[in-house]
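Undergrad: What follows is data23.txt; its format and atoms are compact mmCIF, C-alpha atoms.
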```txt
# COMPACT_ATOMS: atom_id res chain seq x y z
CA MET Q 1190 -55.86 -35.69 -39.56
CA PHE Q 1191 -56.45 -39.39 -38.97
CA LYS Q 1192 -54.39 -39.22 -35.78
CA SER Q 1193 -56.53 -36.35 -34.52
CA MET Q 1194 -59.75 -38.23 -35.32
CA PHE Q 1195 -58.42 -41.34 -33.63
CA ALA Q 1196 -57.42 -39.30 -30.57
CA LEU Q 1197 -60.88 -37.68 -30.55
CA ILE Q 1198 -62.59 -41.07 -30.65
CA ARG Q 1199 -60.39 -42.40 -27.87
CA GLY Q 1200 -60.92 -39.27 -25.77
CA THR Q 1201 -64.68 -39.36 -26.24
CA SER Q 1202 -64.82 -43.04 -25.32
CA HIS Q 1203 -62.69 -42.45 -22.23
CA GLU Q 1204 -64.84 -39.54 -21.05
CA ALA Q 1205 -68.04 -41.52 -21.68
CA ALA Q 1206 -66.68 -44.48 -19.73
CA GLN Q 1207 -65.51 -42.17 -16.93
CA GLY Q 1208 -68.97 -40.61 -16.82
CA VAL Q 1209 -70.58 -44.03 -16.39
CA VAL Q 1210 -68.13 -44.84 -13.61
CA ASP Q 1211 -68.80 -41.52 -11.85
CA ARG Q 1212 -72.59 -41.96 -12.05
CA ASN Q 1213 -72.34 -45.44 -10.57
CA ALA Q 1214 -69.53 -44.73 -8.11
CA MET Q 1215 -71.57 -45.84 -5.06
CA VAL Q 1216 -72.48 -49.16 -6.68
CA ILE Q 1217 -68.85 -49.73 -7.67
CA LEU Q 1218 -67.63 -48.79 -4.17
CA ARG Q 1219 -70.04 -51.21 -2.47
CA GLN Q 1220 -68.89 -54.05 -4.76
CA GLN Q 1221 -65.21 -53.20 -4.22
CA ILE Q 1222 -65.75 -53.28 -0.45
CA ARG Q 1223 -67.47 -56.67 -0.75
CA ASP Q 1224 -64.50 -57.92 -2.79
CA SER Q 1225 -62.10 -56.54 -0.17
CA ALA Q 1226 -64.03 -58.24 2.63
CA ASP Q 1227 -63.85 -61.56 0.74
CA ALA Q 1228 -60.10 -61.09 0.27
CA VAL Q 1229 -59.57 -60.38 3.99
CA SER Q 1230 -61.65 -63.43 4.88
CA SER Q 1231 -59.56 -65.60 2.53
CA ALA Q 1232 -56.35 -64.22 4.06
CA LYS Q 1233 -57.57 -65.08 7.57
CA LYS Q 1234 -58.33 -68.63 6.42
CA ALA Q 1235 -54.84 -68.87 4.90
CA VAL Q 1236 -53.29 -67.80 8.21
CA ALA Q 1237 -55.39 -70.37 10.07
CA ILE Q 1238 -54.26 -73.10 7.66
CA ALA Q 1239 -50.61 -72.05 8.04
CA MET Q 1240 -50.92 -72.15 11.84
CA ALA Q 1241 -52.49 -75.62 11.66
CA GLN Q 1242 -49.67 -76.84 9.40
CA ASN Q 1243 -47.10 -75.38 11.79
CA GLU Q 1244 -48.68 -77.24 14.69
CA GLN Q 1245 -48.58 -80.42 12.64
CA GLU Q 1246 -44.89 -79.78 11.90
CA LYS Q 1247 -44.23 -79.34 15.64
CA ARG Q 1248 -45.87 -82.69 16.38
CA GLN Q 1249 -43.81 -84.34 13.66
CA HIS Q 1250 -40.64 -82.77 15.09
CA ALA Q 1251 -41.48 -84.11 18.54
CA LYS Q 1252 -41.92 -87.61 17.11
CA LEU Q 1253 -38.58 -87.39 15.30
CA ALA Q 1254 -36.82 -86.22 18.46
CA ALA Q 1255 -38.34 -89.11 20.41
CA ARG Q 1256 -37.26 -91.66 17.75
CA ILE Q 1257 -33.74 -90.23 17.66
CA GLU Q 1258 -33.47 -90.39 21.43
CA ASP Q 1259 -34.69 -93.98 21.45
CA LEU Q 1260 -32.31 -95.05 18.67
CA GLU Q 1261 -29.36 -93.34 20.35
CA ALA Q 1262 -30.02 -95.27 23.55
CA ARG Q 1263 -30.26 -98.54 21.62
CA THR Q 1264 -27.10 -97.73 19.64
CA ILE Q 1265 -25.16 -97.16 22.85
CA ALA Q 1266 -26.44 -100.48 24.16
CA ALA Q 1267 -25.34 -102.19 20.93
CA LEU Q 1268 -21.87 -100.68 21.22
CA GLU Q 1269 -21.62 -101.78 24.83
CA GLN Q 1270 -22.57 -105.30 23.78
CA GLY Q 1271 -20.07 -105.33 20.91
CA GLU Q 1272 -22.75 -105.27 18.19
CA ASP Q 1273 -20.81 -102.91 15.97
CA GLY Q 1274 -22.73 -103.86 12.83
CA LEU Q 1275 -26.10 -103.08 14.41
CA ALA Q 1276 -24.68 -99.92 15.91
CA LYS Q 1277 -23.55 -98.78 12.42
CA GLU Q 1278 -27.01 -99.37 10.97
CA ALA Q 1279 -28.61 -97.53 13.86
CA ALA Q 1280 -26.18 -94.62 13.41
CA GLU Q 1281 -27.16 -94.36 9.73
CA ALA Q 1282 -30.85 -94.30 10.69
CA ILE Q 1283 -30.13 -91.66 13.31
CA ALA Q 1284 -28.34 -89.51 10.71
CA ILE Q 1285 -31.40 -89.71 8.42
CA LEU Q 1286 -33.75 -88.83 11.27
CA GLU Q 1287 -31.53 -85.93 12.34
CA ALA Q 1288 -31.64 -84.56 8.79
CA GLU Q 1289 -35.45 -84.75 8.87
CA ARG Q 1290 -35.43 -83.10 12.32
CA ASP Q 1291 -33.23 -80.25 11.07
CA ALA Q 1292 -35.51 -79.77 8.05
CA SER Q 1293 -38.52 -79.73 10.36
CA GLU Q 1294 -36.91 -77.05 12.55
CA GLN Q 1295 -36.20 -74.93 9.48
CA ALA Q 1296 -39.78 -75.38 8.30
CA GLN Q 1297 -41.10 -74.35 11.72
CA SER Q 1298 -38.91 -71.26 11.72
CA SER Q 1299 -40.11 -70.34 8.25
CA PHE Q 1300 -43.75 -71.03 9.19
CA THR Q 1301 -43.47 -68.92 12.35
CA LYS Q 1302 -42.03 -65.91 10.53
CA GLU Q 1303 -44.56 -66.16 7.71
CA ILE Q 1304 -47.47 -66.57 10.12
CA GLU Q 1305 -46.43 -63.44 12.04
CA ARG Q 1306 -46.13 -61.50 8.79
CA LEU Q 1307 -49.53 -62.72 7.58
CA LYS Q 1308 -51.12 -61.83 10.92
CA ARG Q 1309 -49.84 -58.26 10.60
CA VAL Q 1310 -51.13 -58.05 7.04
CA VAL Q 1311 -54.56 -59.34 8.09
CA LEU Q 1312 -54.79 -56.91 11.02
CA GLN Q 1313 -53.83 -53.99 8.79
CA SER Q 1314 -56.28 -55.13 6.11
CA GLU Q 1315 -59.11 -55.44 8.63
CA ALA Q 1316 -58.40 -51.91 9.90
CA ARG Q 1317 -58.42 -50.55 6.34
CA LEU Q 1318 -61.64 -52.43 5.61
CA ARG Q 1319 -63.31 -50.87 8.68
CA ASP Q 1320 -62.18 -47.42 7.49
CA LEU Q 1321 -63.59 -48.17 4.04
CA LYS Q 1322 -66.95 -49.20 5.48
CA ARG Q 1323 -67.12 -46.05 7.60
CA GLY Q 1324 -66.20 -43.97 4.56
CA GLN Q 1325 -68.84 -45.76 2.50
CA ARG Q 1326 -71.55 -44.95 5.05
CA ILE Q 1327 -70.54 -41.27 5.04
CA ALA Q 1328 -70.37 -41.18 1.24
CA ASP Q 1329 -73.76 -42.88 0.99
CA ALA Q 1330 -75.35 -40.34 3.36
CA THR Q 1331 -73.73 -37.46 1.43
CA ASP Q 1332 -74.94 -38.89 -1.88
CA LYS Q 1333 -78.53 -39.15 -0.63
CA THR Q 1334 -78.41 -35.59 0.74
CA GLN Q 1335 -77.09 -34.24 -2.54
CA ARG Q 1336 -79.76 -36.12 -4.48
CA LEU Q 1337 -82.38 -34.61 -2.18
CA ARG Q 1338 -81.07 -31.10 -2.89
CA GLN Q 1339 -81.04 -31.71 -6.64
CA SER Q 1340 -84.46 -33.38 -6.75
CA ALA Q 1341 -87.21 -32.10 -9.04
CA PRO Q 1342 -90.06 -29.77 -7.86
CA ASN Q 1343 -92.83 -31.29 -5.73
CA SER Q 1344 -90.30 -33.68 -4.20
CA GLY Q 1345 -87.39 -33.57 -1.78
CA LEU Q 1346 -86.71 -30.15 -0.27
CA SER Q 1347 -89.37 -28.52 -2.50
CA ALA Q 1348 -91.98 -30.78 -0.95
CA LEU Q 1349 -90.75 -29.84 2.53
CA GLN Q 1350 -91.05 -26.14 1.72
CA ASP Q 1351 -94.56 -26.64 0.31
CA ALA Q 1352 -95.61 -28.52 3.45
CA GLU Q 1353 -94.24 -25.75 5.68
CA SER Q 1354 -96.14 -23.11 3.69
CA THR Q 1355 -99.36 -25.13 3.91
CA LEU Q 1356 -98.96 -25.55 7.67
CA THR Q 1357 -98.40 -21.79 8.11
CA ARG Q 1358 -101.55 -20.96 6.10
CA LEU Q 1359 -103.54 -23.53 8.06
CA ARG Q 1360 -102.44 -22.07 11.39
CA GLU Q 1361 -103.28 -18.54 10.24
CA ARG Q 1362 -106.73 -19.68 9.12
CA GLN Q 1363 -107.34 -21.43 12.43
CA MET Q 1364 -106.32 -18.30 14.36
CA GLU Q 1365 -108.70 -16.20 12.24
CA MET Q 1366 -111.54 -18.65 12.91
CA ASP Q 1367 -110.83 -18.60 16.66
CA ALA Q 1368 -110.82 -14.79 16.67
CA ALA Q 1369 -114.09 -14.66 14.76
CA THR Q 1370 -115.70 -17.17 17.15
CA ASN Q 1371 -114.58 -15.18 20.19
CA ALA Q 1372 -115.92 -11.96 18.69
CA LEU Q 1373 -119.30 -13.59 18.01
CA ASP Q 1374 -119.44 -14.89 21.57
CA GLU Q 1375 -118.73 -11.41 22.94
CA MET Q 1376 -121.37 -9.89 20.70
CA SER Q 1377 -123.92 -12.49 21.80
CA GLU Q 1378 -123.23 -11.74 25.46
CA GLU Q 1379 -123.58 -7.99 24.89
CA ASN Q 1380 -127.02 -8.39 23.26
CA ASN Q 1381 -128.25 -11.02 25.75
CA PRO Q 1382 -130.48 -9.54 28.53
CA GLU Q 1383 -129.71 -12.42 30.85
CA ALA Q 1384 -125.98 -11.92 30.44
CA ILE Q 1385 -126.37 -8.16 31.12
CA ALA Q 1386 -128.50 -8.88 34.24
CA GLN Q 1387 -125.86 -11.30 35.49
CA LYS Q 1388 -123.14 -8.68 35.04
CA LEU Q 1389 -125.27 -6.10 36.97
CA SER Q 1390 -125.90 -8.64 39.72
CA GLU Q 1391 -122.21 -9.42 40.06
CA ALA Q 1392 -121.55 -5.66 40.29
CA GLY Q 1393 -123.94 -5.38 43.25
CA CYS Q 1394 -126.70 -3.64 41.27
CA GLY Q 1395 -129.96 -5.16 42.54
CA ALA Q 1396 -130.72 -8.51 44.10
CA PRO Q 1397 -128.28 -11.30 43.32
CA ILE Q 1398 -129.42 -13.71 40.59
CA THR Q 1399 -127.32 -16.63 41.74
CA SER Q 1400 -126.35 -17.44 45.31
CA THR Q 1401 -122.79 -17.49 46.39
CA ALA Q 1402 -121.35 -20.10 48.74
CA ASP Q 1403 -121.26 -17.58 51.56
CA GLN Q 1404 -124.91 -16.71 51.03
CA VAL Q 1405 -125.96 -20.35 51.04
CA LEU Q 1406 -123.94 -21.00 54.21
CA ALA Q 1407 -125.48 -17.99 55.96
CA ARG Q 1408 -128.98 -19.10 55.04
CA LEU Q 1409 -128.40 -22.58 56.36
CA GLN Q 1410 -126.92 -21.21 59.57
CA LYS Q 1411 -130.09 -19.11 60.12
CA LYS Q 1412 -132.24 -22.22 59.62
CA THR Q 1413 -130.14 -24.11 62.11
CA ALA Q 1414 -130.43 -21.28 64.65
CA LYS Q 1415 -134.24 -21.11 64.30
CA LYS Q 1416 -134.52 -24.88 64.71
CA SER Q 1417 -132.43 -24.75 67.88
CA LYS Q 1418 -134.68 -22.01 69.38
CA LYS Q 1419 -137.85 -24.03 68.69
CA GLN Q 1420 -136.37 -27.05 70.41
CA ASP Q 1421 -135.49 -24.93 73.49
```
Using the file provided, produce a representation of the structure as structure tokens.

TA:
Amino acid sequence: MFKSMFALIRGTSHEAAQGVVDRNAMVILRQQIRDSADAVSSAKKAVAIAMAQNEQEKRQHAKLAARIEDLEARTIAALEQGEDGLAKEAAEAIAILEAERDASEQAQSSFTKEIERLKRVVLQSEARLRDLKRGQRIADATDKTQRLRQSAPNSGLSALQDAESTLTRLRERQMEMDAATNALDEMSEENNPEAIAQKLSEAGCGAPITSTADQVLARLQKKTAKKSKKQD
């Protein structure tokens, strides 16, 4: 019985904790990506430091090689001059320098291999980080869309639907008002004697009420003709 109760408590705690994690998954993801970016940045700095140390090791190796070459030349000169004691001391110094040179070459080889490995790791990590950031943007957009769908009435998609309904009613009302205005205008014209007389005039019934351009031009031409006759 106690084991079952203990298992129940543990299971309830686990599910509650998992629920908190699920509800805050986006916050957790953003922080994990920030942590990953910091780790990649630290790795790049480590590679840069290793490369700088390798360059320093190369310079030290070059100095050792130069000292060995110089001492070898001097040792040969000592041997040629019969300075066997000095030549022995120089040979011992050369042996020490050669040991340091060999150690430097091993260090360079180790540095070079490690640097190449670290470069590959950094490149792979940067590619994975870019994928994570792209995935985060997609997940963030999906999360916002889902929240919009699940939003309460009078907000989100419900608000959009309400706005569309209001716009439809407004357009219908405006169309009704336009139709009513046009009908009133037509009724006013039908009951207006001046409008009826104008329609009759345009139909050729009786003298024209307004002059057309052709009529005005003809009248002016007649005046011009009369004026020309008087002058003759």

Undergrad: Just the number, please: distance in Å from CA of Gln1313 (chain Q) to CA of Ser1231 (chain Q), one decimal.

TA: 14.4 Å

Undergrad: With only C-alpha atoms counted and 12 Å as the cut-off, give the residues of region 1289-1328 of chain Q in contact with region 1256-1269 of chain Q, each with its shortest interatomic distance in Å and the pair that gives it, as a tab-separated table.

TA:
```
residue	atom	partner	partner_atom	distance
Q:Glu1289	CA	Q:Ile1257	CA	10.5
Q:Arg1290	CA	Q:Ile1257	CA	9.1
Q:Asp1291	CA	Q:Ile1257	CA	12.0
```

Undergrad: Return the padded bounding box of region 1302-1311 of chain Q as AutoDock Vina command-line options: axis-aligned, built from all atoms listed in the file, 3 Å added on each side, with centre and edge lengths in Å to one decimal.

TA:
```
--center_x -48.3 --center_y -62.3 --center_z 9.5 --size_x 18.5 --size_y 14.5 --size_z 11.0
```

Undergrad: Do a neighbour search on region 1318-1333 of chain Q at 8 Å with only C-alpha atoms, toss out local chain neighbours closer than 3 positions, and write the hits as a PyMOL selection string.

TA: chain Q and resi 1215+1218-1219+1222+1225-1226+1314-1315+1336-1337

Undergrad: Quick check, in Å to one decimal: how far apart do CA of Glu1294 (chain Q) and CA of Lys1308 (chain Q) lie?

TA: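 Here the two named atoms are 20.9 Å from each other.
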
Undergrad: One number please: CA of Glu1305 (chain Q) to CA of Ala1251 (chain Q), in Å, one decimal.

TA: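 About the pair CA of Glu1305 (chain Q) and CA of Ala1251 (chain Q): they are 22.2 Å apart.
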
Undergrad: Identify which of the residues Q:Val1311, Q:Ala1316, Q:Ala1296, Q:Ala1288 lies closest to Glu1246 (chain Q), counting all atoms listed in the file when measuring atom-to-atom distances.

TA: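 So, comparing all the options, the nearest one is Q:Ala1296.
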
Undergrad: Looking at Q:Ala1254, Q:Ala1369, Q:Ala1352, Q:Leu1409, which one is nearest to Leu1286 (chain Q), with distances taken over only C-alpha atoms?

TA: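 Under the stated criterion, the closest residue is Q:Ala1254.
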
Undergrad: For each of Q:Lys1252, Q:Lys1415, Q:Arg1358, Q:Lys1233, take the minimum atom-to-atom distance to Glu1287 (chain Q), counting only C-alpha atoms, then give the residue where this is smallest.

TA: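 That would be Q:Lys1252, the residue with the smallest distance to Glu1287 (chain Q).
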
Undergrad: Need to verify the contact set: Thr1301 (chain Q), 10 Å, only C-alpha atoms, exclusion of same-chain residues closer than 5 positions in sequence. Can you return it as a PyMOL selection string?

TA: chain Q and resi 1239-1240+1243+1295-1296+1306-1307

Undergrad: Could you write region 1350-1362 of chain Q as a PDB file, in the coordinates of the input, with N, CA and C atoms rebuilt where they are missing?

TA:
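This is the output file out26.pdb:
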```
ATOM      1  N   GLN Q1350     -90.693 -27.556   1.712  1.00  0.00           N
ATOM      2  CA  GLN Q1350     -91.050 -26.140   1.720  1.00  0.00           C
ATOM      3  C   GLN Q1350     -92.543 -25.949   1.489  1.00  0.00           C
ATOM      4  N   ASP Q1351     -93.112 -26.726   0.569  1.00  0.00           N
ATOM      5  CA  ASP Q1351     -94.560 -26.640   0.310  1.00  0.00           C
ATOM      6  C   ASP Q1351     -95.344 -27.022   1.550  1.00  0.00           C
ATOM      7  N   ALA Q1352     -94.904 -28.080   2.245  1.00  0.00           N
ATOM      8  CA  ALA Q1352     -95.610 -28.520   3.450  1.00  0.00           C
ATOM      9  C   ALA Q1352     -95.540 -27.459   4.538  1.00  0.00           C
ATOM     10  N   GLU Q1353     -94.368 -26.803   4.677  1.00  0.00           N
ATOM     11  CA  GLU Q1353     -94.240 -25.750   5.680  1.00  0.00           C
ATOM     12  C   GLU Q1353     -95.159 -24.570   5.371  1.00  0.00           C
ATOM     13  N   SER Q1354     -95.253 -24.210   4.081  1.00  0.00           N
ATOM     14  CA  SER Q1354     -96.140 -23.110   3.690  1.00  0.00           C
ATOM     15  C   SER Q1354     -97.598 -23.457   3.971  1.00  0.00           C
ATOM     16  N   THR Q1355     -97.978 -24.695   3.658  1.00  0.00           N
ATOM     17  CA  THR Q1355     -99.360 -25.130   3.910  1.00  0.00           C
ATOM     18  C   THR Q1355     -99.679 -25.087   5.390  1.00  0.00           C
ATOM     19  N   LEU Q1356     -98.740 -25.554   6.227  1.00  0.00           N
ATOM     20  CA  LEU Q1356     -98.960 -25.550   7.670  1.00  0.00           C
ATOM     21  C   LEU Q1356     -99.111 -24.115   8.189  1.00  0.00           C
ATOM     22  N   THR Q1357     -98.297 -23.194   7.683  1.00  0.00           N
ATOM     23  CA  THR Q1357     -98.400 -21.790   8.110  1.00  0.00           C
ATOM     24  C   THR Q1357     -99.764 -21.219   7.754  1.00  0.00           C
ATOM     25  N   ARG Q1358    -100.222 -21.459   6.512  1.00  0.00           N
ATOM     26  CA  ARG Q1358    -101.550 -20.960   6.100  1.00  0.00           C
ATOM     27  C   ARG Q1358    -102.655 -21.567   6.952  1.00  0.00           C
ATOM     28  N   LEU Q1359    -102.518 -22.852   7.257  1.00  0.00           N
ATOM     29  CA  LEU Q1359    -103.540 -23.530   8.060  1.00  0.00           C
ATOM     30  C   LEU Q1359    -103.610 -22.918   9.460  1.00  0.00           C
ATOM     31  N   ARG Q1360    -102.453 -22.667  10.053  1.00  0.00           N
ATOM     32  CA  ARG Q1360    -102.440 -22.070  11.390  1.00  0.00           C
ATOM     33  C   ARG Q1360    -103.041 -20.663  11.371  1.00  0.00           C
ATOM     34  N   GLU Q1361    -102.707 -19.880  10.348  1.00  0.00           N
ATOM     35  CA  GLU Q1361    -103.280 -18.540  10.240  1.00  0.00           C
ATOM     36  C   GLU Q1361    -104.793 -18.596  10.110  1.00  0.00           C
ATOM     37  N   ARG Q1362    -105.286 -19.535   9.300  1.00  0.00           N
ATOM     38  CA  ARG Q1362    -106.730 -19.680   9.120  1.00  0.00           C
ATOM     39  C   ARG Q1362    -107.412 -20.090  10.429  1.00  0.00           C
TER      40      ARG Q1362
END
```
